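*Asks:* Have a peek at entry_32.tsv (TSV, C-alpha atoms and all ligand atoms).
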```tsv
chain	number	residue	atom	x	y	z
Q	1	MET	CA	115.00	122.77	84.34
Q	2	VAL	CA	115.18	119.80	81.99
Q	3	VAL	CA	113.08	116.66	82.36
Q	4	ALA	CA	114.73	113.52	80.97
Q	5	ALA	CA	111.84	112.13	78.95
Q	6	HIS	CA	114.05	110.19	76.51
Q	7	ARG	CA	115.51	107.82	79.07
Q	8	PRO	CA	113.99	104.66	80.53
Q	9	THR	CA	113.86	106.07	84.06
Q	10	ARG	CA	110.55	107.05	85.65
Q	11	LEU	CA	109.01	108.02	88.98
Q	12	LEU	CA	105.50	106.58	88.80
Q	13	ILE	CA	102.94	107.93	91.27
Q	14	SER	CA	99.83	105.90	92.05
Q	15	ARG	CA	96.57	107.83	92.33
Q	16	LYS	CA	94.96	104.79	93.91
Q	17	ALA	CA	97.57	104.57	96.67
Q	18	ILE	CA	97.22	108.28	97.43
Q	19	ALA	CA	93.41	107.94	97.62
Q	20	HIS	CA	93.79	104.91	99.91
Q	21	ASN	CA	96.13	106.79	102.27
Q	22	LEU	CA	93.76	109.76	102.36
Q	23	THR	CA	90.93	107.41	103.33
Q	24	VAL	CA	93.06	105.92	106.11
Q	25	VAL	CA	93.81	109.43	107.40
Q	26	ARG	CA	90.16	110.46	107.28
Q	27	GLN	CA	89.01	107.33	109.13
Q	28	THR	CA	91.73	107.42	111.77
Q	29	SER	CA	91.50	111.14	112.53
Q	30	GLY	CA	87.77	111.64	111.95
Q	31	CYS	CA	88.62	114.87	110.11
Q	32	ARG	CA	86.22	116.82	107.90
Q	33	PHE	CA	88.75	118.91	105.97
Q	34	ILE	CA	92.23	117.87	104.80
Q	35	PHE	CA	94.87	120.44	103.87
Q	36	MET	CA	97.37	118.30	101.99
Q	37	ALA	CA	100.96	119.50	102.39
Q	38	VAL	CA	102.44	119.77	98.89
Q	39	LYS	CA	105.36	122.03	99.81
Q	40	ASP	CA	108.78	121.49	98.30
Q	41	ASN	CA	107.52	120.04	95.05
Q	42	GLY	CA	104.98	117.78	96.76
Q	43	TYR	CA	107.67	116.31	99.08
Q	44	GLY	CA	109.65	115.66	95.87
Q	45	PHE	CA	106.94	113.61	94.16
Q	46	GLY	CA	105.91	116.53	91.93
Q	47	LEU	CA	103.79	119.57	92.86
Q	48	LEU	CA	101.22	119.38	90.09
Q	49	PRO	CA	100.81	115.60	89.73
Q	50	VAL	CA	100.51	115.20	93.50
Q	51	SER	CA	98.09	118.12	93.80
Q	52	GLN	CA	95.86	116.71	91.08
Q	53	ALA	CA	95.95	113.24	92.62
Q	54	VAL	CA	95.20	114.36	96.18
Q	55	LEU	CA	92.32	116.63	95.17
Q	56	ALA	CA	90.84	113.80	93.10
Q	57	GLY	CA	91.55	111.39	95.96
Q	58	GLY	CA	89.75	113.28	98.72
Q	59	ALA	CA	91.90	116.18	99.96
Q	60	ASN	CA	89.97	119.45	100.37
Q	61	GLY	CA	92.79	121.99	100.15
Q	62	LEU	CA	96.53	122.32	99.58
Q	63	ALA	CA	99.18	123.61	101.98
Q	64	VAL	CA	102.45	125.09	100.73
Q	65	ALA	CA	105.49	126.79	102.23
Q	66	VAL	CA	106.12	129.66	99.83
Q	67	LEU	CA	104.03	132.03	97.74
Q	68	ASP	CA	105.54	130.80	94.46
Q	69	GLU	CA	104.13	127.32	95.09
Q	70	ALA	CA	100.68	128.82	95.67
Q	71	LEU	CA	100.91	130.92	92.49
Q	72	THR	CA	102.04	127.90	90.46
Q	73	LEU	CA	98.96	125.99	91.65
Q	74	ARG	CA	96.64	128.88	90.80
Q	75	SER	CA	98.27	129.27	87.34
Q	76	ALA	CA	97.62	125.58	86.76
Q	77	GLY	CA	93.93	126.27	87.28
Q	78	ILE	CA	93.61	124.80	90.77
Q	79	THR	CA	90.77	126.57	92.58
Q	80	ALA	CA	90.84	124.58	95.85
Q	81	PRO	CA	91.66	126.42	99.11
Q	82	ILE	CA	95.41	127.04	99.48
Q	83	LEU	CA	97.22	127.77	102.74
Q	84	ILE	CA	100.77	129.16	102.99
Q	85	MET	CA	102.10	127.62	106.22
Q	86	SER	CA	105.37	129.53	106.53
Q	87	TRP	CA	106.35	133.15	106.96
Q	88	LEU	CA	105.46	135.50	104.12
Q	89	ASP	CA	106.66	139.05	103.49
Q	90	ALA	CA	103.73	141.37	104.29
Q	91	ALA	CA	104.34	143.17	100.98
Q	92	TYR	CA	102.69	140.19	99.21
Q	93	ALA	CA	99.44	140.42	101.18
Q	94	GLY	CA	97.60	141.94	98.19
Q	95	VAL	CA	98.70	139.17	95.80
Q	96	CYS	CA	97.50	136.53	98.27
Q	97	ALA	CA	94.17	138.31	98.72
Q	98	ASP	CA	93.66	138.48	94.93
Q	99	GLN	CA	94.50	134.80	94.56
Q	100	GLN	CA	92.39	133.64	97.54
Q	101	VAL	CA	95.47	132.24	99.26
Q	102	MET	CA	95.30	131.96	103.04
Q	103	VAL	CA	98.39	133.16	104.89
Q	104	THR	CA	99.84	132.25	108.27
Q	105	VAL	CA	100.26	135.20	110.62
Q	106	SER	CA	102.40	135.25	113.74
Q	107	SER	CA	102.25	138.81	115.05
Q	108	LEU	CA	100.27	142.00	115.38
Q	109	ALA	CA	103.17	143.85	113.74
Q	110	TRP	CA	102.70	141.75	110.58
Q	111	LEU	CA	98.99	142.56	110.39
Q	112	LYS	CA	99.70	146.28	110.78
Q	113	GLU	CA	102.38	146.10	108.10
Q	114	ALA	CA	100.11	144.19	105.71
Q	115	LEU	CA	97.04	146.41	106.04
Q	116	PRO	CA	98.14	149.21	103.64
Q	117	TYR	CA	99.10	146.60	101.02
Q	118	LEU	CA	95.49	145.37	101.06
Q	119	ASP	CA	93.99	148.65	99.87
Q	120	GLY	CA	91.86	147.94	96.83
Q	121	HIS	CA	92.07	144.16	97.26
Q	122	PRO	CA	89.55	141.67	98.57
Q	123	PRO	CA	89.97	140.75	102.26
Q	124	LEU	CA	92.95	138.51	103.02
Q	125	LEU	CA	92.27	135.08	104.52
Q	126	VAL	CA	94.33	134.82	107.69
Q	127	SER	CA	95.30	131.81	109.75
Q	128	LEU	CA	96.69	132.89	113.11
Q	129	ALA	CA	99.60	130.80	114.40
Q	130	VAL	CA	100.37	130.29	118.06
Q	131	ASP	CA	103.68	128.85	119.20
Q	132	THR	CA	103.03	126.11	121.73
Q	133	GLY	CA	106.56	124.75	121.75
Q	134	MET	CA	107.87	124.40	118.22
Q	135	GLY	CA	109.76	127.65	118.68
Q	136	ARG	CA	109.59	128.51	115.01
Q	137	ILE	CA	106.71	130.80	114.04
Q	138	GLY	CA	103.53	131.86	115.86
Q	139	CYS	CA	102.56	134.18	118.72
Q	140	ARG	CA	104.30	133.12	121.87
Q	141	GLU	CA	102.03	134.99	124.30
Q	142	ARG	CA	98.29	134.74	124.69
Q	143	ALA	CA	98.04	138.56	124.90
Q	144	GLU	CA	99.57	138.82	121.44
Q	145	ALA	CA	97.13	136.26	120.02
Q	146	GLU	CA	94.22	138.19	121.57
Q	147	ALA	CA	95.53	141.45	120.11
Q	148	CYS	CA	95.76	139.82	116.66
Q	149	VAL	CA	92.17	138.56	116.86
Q	150	ALA	CA	90.96	142.00	117.96
Q	151	PHE	CA	92.86	143.65	115.08
Q	152	LEU	CA	91.44	141.17	112.54
Q	153	GLN	CA	87.91	141.79	113.81
Q	154	ALA	CA	88.43	145.56	113.76
Q	155	HIS	CA	89.49	145.47	110.08
Q	156	PRO	CA	86.88	143.36	108.29
Q	157	THR	CA	87.55	144.97	104.92
Q	158	GLY	CA	91.23	144.02	105.18
Q	159	PHE	CA	91.09	140.57	106.72
Q	160	VAL	CA	89.02	137.45	107.25
Q	161	TYR	CA	89.88	135.60	110.46
Q	162	GLN	CA	89.71	132.16	108.86
Q	163	GLY	CA	92.11	129.90	110.76
Q	164	LEU	CA	93.87	129.25	114.06
Q	165	MET	CA	96.80	126.85	114.20
Q	166	THR	CA	99.80	125.49	116.02
Q	167	HIS	CA	102.44	122.96	115.00
Q	168	PHE	CA	103.79	120.02	116.98
Q	169	ALA	CA	107.51	119.41	117.29
Q	170	ASP	CA	107.18	115.83	118.45
Q	171	SER	CA	103.99	113.95	117.58
Q	172	ASP	CA	105.39	110.74	116.13
Q	173	THR	CA	107.60	109.23	118.80
Q	174	VAL	CA	106.95	106.69	121.54
Q	175	GLU	CA	107.82	109.34	124.15
Q	176	THR	CA	104.76	111.65	124.46
Q	177	ASP	CA	105.80	114.11	127.21
Q	178	TYR	CA	106.73	116.91	124.87
Q	179	PHE	CA	103.58	116.45	122.79
Q	180	GLU	CA	101.41	116.64	125.90
Q	181	ARG	CA	103.17	119.79	127.06
Q	182	GLN	CA	102.30	121.40	123.74
Q	183	VAL	CA	98.64	120.35	124.05
Q	184	THR	CA	98.50	121.91	127.53
Q	185	ARG	CA	100.04	125.11	126.21
Q	186	TRP	CA	97.54	125.11	123.30
Q	187	HIS	CA	94.71	125.23	125.85
Q	188	VAL	CA	96.42	128.00	127.84
Q	189	MET	CA	96.88	130.02	124.66
Q	190	THR	CA	93.49	129.50	123.02
Q	191	ASP	CA	90.74	128.37	125.45
Q	192	GLY	CA	88.10	131.09	125.40
Q	193	LEU	CA	89.74	132.85	122.44
Q	194	VAL	CA	87.30	133.68	119.61
Q	195	LYS	CA	87.59	130.72	117.22
Q	196	PRO	CA	87.62	131.04	113.41
Q	197	PRO	CA	85.95	128.49	111.08
Q	198	MET	CA	89.15	126.44	110.72
Q	199	VAL	CA	91.10	125.32	113.77
Q	200	HIS	CA	93.94	123.17	112.48
Q	201	VAL	CA	96.71	121.75	114.62
Q	202	ALA	CA	97.30	118.15	113.55
Q	203	ASN	CA	100.11	117.00	111.26
Q	204	SER	CA	100.62	113.33	110.33
Q	205	GLY	CA	101.80	112.22	113.76
Q	206	ALA	CA	99.05	114.06	115.66
Q	207	ALA	CA	96.32	112.89	113.26
Q	208	MET	CA	97.41	109.25	113.34
Q	209	TYR	CA	98.45	108.90	116.97
Q	210	HIS	CA	96.74	111.63	118.99
Q	211	ALA	CA	93.36	112.20	117.32
Q	212	ALA	CA	91.55	111.90	120.66
Q	213	GLU	CA	93.65	114.62	122.30
Q	214	VAL	CA	93.61	117.45	119.77
Q	215	PRO	CA	91.09	119.06	117.41
Q	216	THR	CA	91.08	117.14	114.11
Q	217	ASP	CA	88.15	118.74	112.32
Q	218	VAL	CA	90.70	120.34	109.97
Q	219	ILE	CA	94.16	118.80	109.58
Q	220	ARG	CA	97.36	119.62	107.68
Q	221	ILE	CA	98.97	116.45	106.53
Q	222	GLY	CA	101.69	115.19	104.22
Q	223	THR	CA	103.92	112.31	105.31
Q	224	VAL	CA	101.32	109.54	105.72
Q	225	VAL	CA	99.50	110.39	102.51
Q	226	TYR	CA	102.82	110.01	100.69
Q	227	GLY	CA	102.88	106.49	102.14
Q	228	MET	CA	105.64	107.16	104.65
Q	229	GLU	CA	105.08	106.09	108.25
Q	230	PRO	CA	105.84	109.14	110.44
Q	231	SER	CA	107.46	107.11	113.21
Q	232	GLU	CA	109.49	105.17	110.60
Q	233	GLY	CA	108.00	102.02	112.03
Q	234	THR	CA	108.87	102.65	115.69
Q	235	ILE	CA	105.21	103.10	116.75
Q	236	ARG	CA	103.64	100.86	114.15
Q	237	PRO	CA	104.70	99.12	110.95
Q	238	ASP	CA	103.87	100.89	107.69
Q	239	ASP	CA	101.53	98.16	106.42
Q	240	TYR	CA	98.41	100.31	106.87
Q	241	LEU	CA	99.65	102.64	104.13
Q	242	ASP	CA	100.03	102.03	100.41
Q	243	GLN	CA	103.31	102.89	98.75
Q	244	ILE	CA	102.55	105.67	96.28
Q	245	GLU	CA	105.74	105.56	94.22
Q	246	ARG	CA	107.57	103.22	91.89
Q	247	LEU	CA	111.03	104.31	90.80
Q	248	GLU	CA	112.08	102.31	87.76
Q	249	SER	CA	114.92	102.24	85.32
Q	250	GLU	CA	116.58	99.74	82.99
Q	251	LEU	CA	119.86	97.98	82.40
Q	252	ILE	CA	121.59	99.94	79.66
Q	253	MET	CA	124.71	97.77	79.52
Q	254	VAL	CA	125.60	94.29	80.76
Q	255	LYS	CA	129.11	92.88	80.90
Q	256	LYS	CA	131.26	90.24	82.52
Q	257	LEU	CA	134.20	91.57	84.47
Q	258	PRO	CA	137.18	89.41	85.38
Q	259	ALA	CA	138.31	89.08	89.01
Q	260	GLY	CA	140.29	91.99	90.43
Q	261	GLU	CA	138.62	94.77	88.38
Q	262	GLY	CA	137.67	98.06	90.05
Q	263	VAL	CA	134.18	99.49	89.46
Q	264	SER	CA	133.25	103.19	89.26
Q	265	TYR	CA	134.97	106.32	90.66
Q	266	GLY	CA	137.63	105.62	93.23
Q	267	HIS	CA	137.51	101.86	92.61
Q	268	THR	CA	135.91	101.38	96.03
Q	269	TYR	CA	134.62	98.02	94.76
Q	270	VAL	CA	136.89	95.38	93.26
Q	271	THR	CA	135.39	92.21	91.76
Q	272	PRO	CA	136.31	89.26	94.00
Q	273	THR	CA	135.74	86.76	91.14
Q	274	ASP	CA	134.50	86.85	87.57
Q	275	GLU	CA	131.27	88.79	87.83
Q	276	TRP	CA	128.30	89.85	85.69
Q	277	VAL	CA	127.51	93.51	86.25
Q	278	GLY	CA	124.86	95.83	84.83
Q	279	THR	CA	124.79	99.59	84.32
Q	280	VAL	CA	121.50	101.30	85.31
Q	281	ALA	CA	120.34	104.64	83.85
Q	282	ILE	CA	119.98	106.58	87.11
Q	283	GLY	CA	122.49	108.29	89.38
Q	284	TYR	CA	122.94	110.87	92.11
Q	285	GLY	CA	122.06	113.54	89.53
Q	286	ASP	CA	118.52	112.20	89.84
Q	287	GLY	CA	118.60	112.90	93.55
Q	288	LEU	CA	119.68	109.50	94.83
Q	289	SER	CA	121.94	109.67	97.86
Q	290	ARG	CA	125.47	108.43	97.25
Q	291	ARG	CA	125.08	106.59	100.54
Q	292	LEU	CA	122.97	104.06	98.62
Q	293	LYS	CA	126.18	102.23	97.71
Q	294	GLY	CA	125.61	98.61	98.76
Q	295	PHE	CA	121.79	98.97	98.73
Q	296	SER	CA	120.10	96.19	96.75
Q	297	LEU	CA	117.77	96.95	93.82
Q	298	LEU	CA	115.25	94.49	92.40
Q	299	ILE	CA	115.56	92.75	89.06
Q	300	HIS	CA	112.95	90.03	88.42
Q	301	GLY	CA	112.36	90.02	92.19
Q	302	GLU	CA	116.01	89.30	92.90
Q	303	LYS	CA	118.16	91.60	95.04
Q	304	CYS	CA	121.07	93.10	93.13
Q	305	PRO	CA	123.44	95.27	95.20
Q	306	ILE	CA	124.79	98.58	93.94
Q	307	ILE	CA	128.55	98.10	93.63
Q	308	GLY	CA	131.05	100.95	93.64
Q	309	ASN	CA	130.17	104.62	93.90
Q	310	LEU	CA	127.03	105.98	92.28
Q	311	THR	CA	127.88	108.36	89.47
Q	312	MET	CA	125.85	111.39	88.41
Q	313	ASP	CA	123.96	109.60	85.63
Q	314	ALA	CA	124.42	105.89	86.22
Q	315	LEU	CA	125.10	103.23	88.79
Q	316	VAL	CA	126.38	99.67	88.54
Q	317	VAL	CA	124.76	96.59	90.08
Q	318	LYS	CA	126.00	93.08	90.54
Q	319	LEU	CA	123.89	90.67	88.46
Q	320	PRO	CA	123.09	87.02	89.11
Q	321	GLY	CA	124.14	86.29	85.51
Q	322	PRO	CA	123.87	87.66	81.99
Q	323	LEU	CA	120.61	89.58	81.49
Q	324	PRO	CA	119.39	91.40	78.39
Q	325	VAL	CA	119.81	95.13	78.01
Q	326	HIS	CA	116.45	96.91	78.74
Q	327	THR	CA	115.72	94.57	81.65
Q	328	LYS	CA	113.63	96.51	84.18
Q	329	VAL	CA	115.32	97.59	87.42
Q	330	THR	CA	113.15	98.58	90.40
Q	331	LEU	CA	114.63	101.04	92.89
Q	332	LEU	CA	111.37	101.67	94.78
Q	333	GLY	CA	108.19	99.60	94.58
Q	334	GLU	CA	107.29	95.96	94.09
Q	335	ASP	CA	108.87	93.42	91.83
Q	336	GLY	CA	108.37	89.67	91.93
Q	337	GLY	CA	106.86	89.66	95.42
Q	338	GLN	CA	109.65	91.81	96.89
Q	339	ARG	CA	109.26	95.47	97.81
Q	340	LEU	CA	111.60	98.43	98.29
Q	341	THR	CA	110.44	101.55	100.13
Q	342	LEU	CA	111.87	104.92	101.06
Q	343	THR	CA	111.98	103.64	104.63
Q	344	ASP	CA	114.30	100.81	103.45
Q	345	MET	CA	116.51	103.42	101.78
Q	346	ALA	CA	116.33	105.51	104.95
Q	347	HIS	CA	117.57	102.60	107.04
Q	348	HIS	CA	120.48	102.07	104.63
Q	349	THR	CA	121.50	105.71	104.29
Q	350	GLY	CA	120.60	107.15	107.70
Q	351	ILE	CA	118.58	109.85	105.91
Q	352	ALA	CA	114.86	110.24	106.75
Q	353	PRO	CA	112.43	108.95	104.07
Q	354	TRP	CA	110.94	112.42	103.41
Q	355	GLU	CA	114.41	113.92	103.13
Q	356	LEU	CA	115.19	111.28	100.50
Q	357	SER	CA	111.99	112.02	98.57
Q	358	ILE	CA	112.49	115.80	98.48
Q	359	ARG	CA	115.82	115.14	96.79
Q	360	PHE	CA	114.22	113.55	93.71
Q	361	ALA	CA	115.61	115.75	90.95
Q	362	GLU	CA	113.60	117.81	88.51
Q	363	ARG	CA	115.00	115.67	85.69
Q	364	LEU	CA	113.13	112.53	86.84
Q	365	PRO	CA	109.85	112.34	84.93
Q	366	ARG	CA	106.85	112.05	87.29
Q	367	VAL	CA	104.03	110.03	85.82
Q	368	LEU	CA	100.60	109.56	87.41
Q	369	VAL	CA	99.33	105.99	87.07
Q	370	ASP	CA	96.13	103.95	87.94
O	401	LIG	C1	104.91	120.24	106.55
O	401	LIG	C2	103.92	120.68	107.55
O	401	LIG	C3	102.82	119.86	107.87
O	401	LIG	C4	102.67	118.45	107.37
O	401	LIG	O1	103.43	117.62	108.20
O	401	LIG	P1	103.47	116.01	108.04
O	401	LIG	O2	104.21	115.57	109.24
O	401	LIG	O3	104.20	115.74	106.77
O	401	LIG	O4	102.08	115.53	108.01
O	401	LIG	C5	101.88	120.37	108.75
O	401	LIG	N1	102.00	121.62	109.27
O	401	LIG	C6	103.05	122.42	109.00
O	401	LIG	C7	103.12	123.76	109.62
O	401	LIG	C8	104.04	121.98	108.14
O	401	LIG	O5	105.09	122.78	107.89
```
Give the structure from this file in structure tokens form.

*Replies:*
Amino acid sequence: MVVAAHRPTRLLISRKAIAHNLTVVRQTSGCRFIFMAVKDNGYGFGLLPVSQAVLAGGANGLAVAVLDEALTLRSAGITAPILIMSWLDAAYAGVCADQQVMVTVSSLAWLKEALPYLDGHPPLLVSLAVDTGMGRIGCRERAEAEACVAFLQAHPTGFVYQGLMTHFADSDTVETDYFERQVTRWHVMTDGLVKPPMVHVANSGAAMYHAAEVPTDVIRIGTVVYGMEPSEGTIRPDDYLDQIERLESELIMVKKLPAGEGVSYGHTYVTPTDEWVGTVAIGYGDGLSRRLKGFSLLIHGEKCPIIGNLTMDALVVKLPGPLPVHTKVTLLGEDGGQRLTLTDMAHHTGIAPWELSIRFAERLPRVLVD
């Protein structure tokens, strides 16, 4: 993968904003331990920069989806607790044990399959998952969860029963019926079950909106720390969070087009009159959605709409007049008292903010600031 360092386009990530959002989460949820979700390249903001910033900013551990993410963090020298939240092939149990990576386990069959792979390794940290209504991973029956706990306790040289978790399908909407059904099922599945040191059930929505109803001693959280409001503003506006990112580029060419000229592939935009336009050094190859056509970027605090189709490496904006080449263009962040957020882009494109952020391409340089 190539990072475009020789181009005036940057994704700046604010340590201060991340630390602020972590503080908000800690105060609202009353949690003691935060597993920060850094899966999928830190929700697109960059696995290593985000991991460094969150650990410095108050997170206690990191949560990933796949083993390779965990190994990348360990290779980078990160010694904090790491949890793999998704399914893992039992054949990798030994690697995880060696690297002190906690794995999520959903069945007795998995534990039995993993045991021989743990010969000669330190005990594997296990977080047992119960399915309370997500329907994805986790034991569905209480009897299976009990059998897993018994197996873990019977094999102390193979395993450490470290965690117990579930995941909510619907914790960030105004309608709470489905959430409450999952809480009820959590009690049916786990009341009276032997509890490990870490019981972790809350994601962003549960930690921010349901802290009184579920255990929040340990939480797994991503969205809000990245500055994105989980309800996309339907439960509360996002003003309690700090925006962590600034996406900036520059005008690389400025020209005056006469009336009746088509702009970009397909000529979907035709200048209605003489018009000043500017070319910006970022395109859909950087992960921007092509649905951003018509979305306004900020130049000196003024809104400049993207005209015509985005191309892979560049896009064209309508300018208020002639501006010098190298003028800064803000795609996300503040400029001149105006602000653009991923939620604004989500409203324009119909794509969720976190789905927009995970699309940020490898080629965009991520730079930690503050
Ligand atoms: C991604 C993920 C989280 C974090 O969810 P947010 O809504 O981003 O806070 C928590 N738990 C599991 C199992 C996840 O996959």

*Asks:* So that each row is one residue of range 190-227 of chain Q with an atom at most 12 Å from range 66-87 of chain Q, can you give its shortest atom pair and the distance in Å to one decimal, using only C-alpha atoms, rows by chain and rising number, as a tab-separated table?

*Replies:*
```
residue	atom	partner	partner_atom	distance
Q:Met198	CA	Q:Leu83	CA	11.4
Q:His200	CA	Q:Met85	CA	11.2
Q:Val201	CA	Q:Met85	CA	11.6
Q:Asn203	CA	Q:Met85	CA	11.9
Q:Ile219	CA	Q:Leu83	CA	11.7
Q:Arg220	CA	Q:Met85	CA	9.4
Q:Ile221	CA	Q:Met85	CA	11.6
```

*Asks:* Taking all atoms listed in the file into account, which of Q:Val214, Q:Ala56, Q:Val25, Q:Val3 comes nearest ligand LIG 401 (chain O)?

*Replies:* Q:Val25

*Asks:* Taking only C-alpha atoms into account, which of Q:Arg15, Q:His155, Q:Arg181, Q:Arg339 comes nearest Gly301 in chain Q?

*Replies:*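 The answer is Q:Arg339, which sits nearest to Gly301 in chain Q.
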
*Asks:* For ligand LIG 401 (chain O), collect every residue having any atom at a distance of at most 10 Å from a ligand atom (counting only C-alpha atoms and all ligand atoms); output as a short mmCIF file (atom, residue, chain, number, x, y, z; two decimals) with C-alpha atoms, keeping the file's coordinate frame.

*Replies:*
```cif
data_model
loop_
_atom_site.label_atom_id
_atom_site.label_comp_id
_atom_site.auth_asym_id
_atom_site.auth_seq_id
_atom_site.Cartn_x
_atom_site.Cartn_y
_atom_site.Cartn_z
CA PHE Q 35 94.87 120.44 103.87
CA MET Q 36 97.37 118.30 101.99
CA ALA Q 37 100.96 119.50 102.39
CA VAL Q 38 102.44 119.77 98.89
CA LYS Q 39 105.36 122.03 99.81
CA ASP Q 40 108.78 121.49 98.30
CA TYR Q 43 107.67 116.31 99.08
CA ALA Q 63 99.18 123.61 101.98
CA VAL Q 64 102.45 125.09 100.73
CA ALA Q 65 105.49 126.79 102.23
CA LEU Q 83 97.22 127.77 102.74
CA ILE Q 84 100.77 129.16 102.99
CA MET Q 85 102.10 127.62 106.22
CA SER Q 86 105.37 129.53 106.53
CA THR Q 104 99.84 132.25 108.27
CA ALA Q 129 99.60 130.80 114.40
CA MET Q 134 107.87 124.40 118.22
CA ARG Q 136 109.59 128.51 115.01
CA ILE Q 137 106.71 130.80 114.04
CA MET Q 165 96.80 126.85 114.20
CA THR Q 166 99.80 125.49 116.02
CA HIS Q 167 102.44 122.96 115.00
CA PHE Q 168 103.79 120.02 116.98
CA ALA Q 169 107.51 119.41 117.29
CA ASP Q 170 107.18 115.83 118.45
CA SER Q 171 103.99 113.95 117.58
CA ASP Q 172 105.39 110.74 116.13
CA HIS Q 200 93.94 123.17 112.48
CA VAL Q 201 96.71 121.75 114.62
CA ALA Q 202 97.30 118.15 113.55
CA ASN Q 203 100.11 117.00 111.26
CA SER Q 204 100.62 113.33 110.33
CA GLY Q 205 101.80 112.22 113.76
CA ALA Q 206 99.05 114.06 115.66
CA ALA Q 207 96.32 112.89 113.26
CA MET Q 208 97.41 109.25 113.34
CA ILE Q 219 94.16 118.80 109.58
CA ARG Q 220 97.36 119.62 107.68
CA ILE Q 221 98.97 116.45 106.53
CA GLY Q 222 101.69 115.19 104.22
CA THR Q 223 103.92 112.31 105.31
CA VAL Q 224 101.32 109.54 105.72
CA VAL Q 225 99.50 110.39 102.51
CA TYR Q 226 102.82 110.01 100.69
CA MET Q 228 105.64 107.16 104.65
CA GLU Q 229 105.08 106.09 108.25
CA PRO Q 230 105.84 109.14 110.44
CA SER Q 231 107.46 107.11 113.21
CA TRP Q 354 110.94 112.42 103.41
#
```

*Asks:* Please identify all polymer residues within 6 Å of Glu248 in chain Q, counting only C-alpha atoms, omitting same-chain residues fewer than 6 positions from it, and present them as a ChimeraX atom specification.

*Replies:* /Q:9-10,329-331

*Asks:* Please write the residues from the selection above to a file, keeping C-alpha atoms, as a compact mmCIF listing (two decimals), in the coordinates of the input.

*Replies:*
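What ended up in result_32.txt:
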```txt
# COMPACT_ATOMS: atom_id res chain seq x y z
CA THR Q 9 113.86 106.07 84.06
CA ARG Q 10 110.55 107.05 85.65
CA VAL Q 329 115.32 97.59 87.42
CA THR Q 330 113.15 98.58 90.40
CA LEU Q 331 114.63 101.04 92.89
```

*Asks:* Measuring atom to atom with all atoms listed in the file, identify which of Q:Ala212, Q:Met1, Q:Val130, Q:Val317 is nearest to Thr28 in chain Q.

*Replies:*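 Looking only at the distances to Thr28 in chain Q, the closest residue turns out to be Q:Ala212.
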
*Asks:* Complete the atom set of range 188-200 of chain Q to N, CA and C atoms and return it as an mmCIF file, in the frame of the given file.

*Replies:*
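Below is the file selection_26.cif, written as the result:
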```
data_model
loop_
_atom_site.group_PDB
_atom_site.id
_atom_site.type_symbol
_atom_site.label_atom_id
_atom_site.label_comp_id
_atom_site.auth_asym_id
_atom_site.auth_seq_id
_atom_site.Cartn_x
_atom_site.Cartn_y
_atom_site.Cartn_z
ATOM 1 N N VAL Q 188 96.110 126.732 127.159
ATOM 2 C CA VAL Q 188 96.420 128.000 127.840
ATOM 3 C C VAL Q 188 96.320 129.159 126.853
ATOM 4 N N MET Q 189 96.830 128.945 125.655
ATOM 5 C CA MET Q 189 96.880 130.020 124.660
ATOM 6 C C MET Q 189 95.526 130.319 124.025
ATOM 7 N N THR Q 190 94.656 129.297 123.893
ATOM 8 C CA THR Q 190 93.490 129.500 123.020
ATOM 9 C C THR Q 190 92.125 129.232 123.656
ATOM 10 N N ASP Q 191 92.057 128.606 124.849
ATOM 11 C CA ASP Q 191 90.740 128.370 125.450
ATOM 12 C C ASP Q 191 90.050 129.719 125.679
ATOM 13 N N GLY Q 192 88.829 129.844 125.211
ATOM 14 C CA GLY Q 192 88.100 131.090 125.400
ATOM 15 C C GLY Q 192 88.412 132.155 124.350
ATOM 16 N N LEU Q 193 89.432 131.929 123.536
ATOM 17 C CA LEU Q 193 89.740 132.850 122.440
ATOM 18 C C LEU Q 193 88.656 132.688 121.364
ATOM 19 N N VAL Q 194 88.290 133.785 120.701
ATOM 20 C CA VAL Q 194 87.300 133.680 119.610
ATOM 21 C C VAL Q 194 87.873 132.741 118.546
ATOM 22 N N LYS Q 195 87.074 131.720 118.170
ATOM 23 C CA LYS Q 195 87.590 130.720 117.220
ATOM 24 C C LYS Q 195 87.110 131.032 115.794
ATOM 25 N N PRO Q 196 87.986 130.869 114.817
ATOM 26 C CA PRO Q 196 87.620 131.040 113.410
ATOM 27 C C PRO Q 196 87.000 129.746 112.872
ATOM 28 N N PRO Q 197 86.542 129.724 111.618
ATOM 29 C CA PRO Q 197 85.950 128.490 111.080
ATOM 30 C C PRO Q 197 86.907 127.304 111.031
ATOM 31 N N MET Q 198 88.212 127.568 110.863
ATOM 32 C CA MET Q 198 89.150 126.440 110.720
ATOM 33 C C MET Q 198 90.185 126.462 111.836
ATOM 34 N N VAL Q 199 90.071 125.501 112.743
ATOM 35 C CA VAL Q 199 91.100 125.320 113.770
ATOM 36 C C VAL Q 199 91.893 124.097 113.339
ATOM 37 N N HIS Q 200 93.158 124.290 113.037
ATOM 38 C CA HIS Q 200 93.940 123.170 112.480
ATOM 39 C C HIS Q 200 95.283 123.062 113.175
#
```
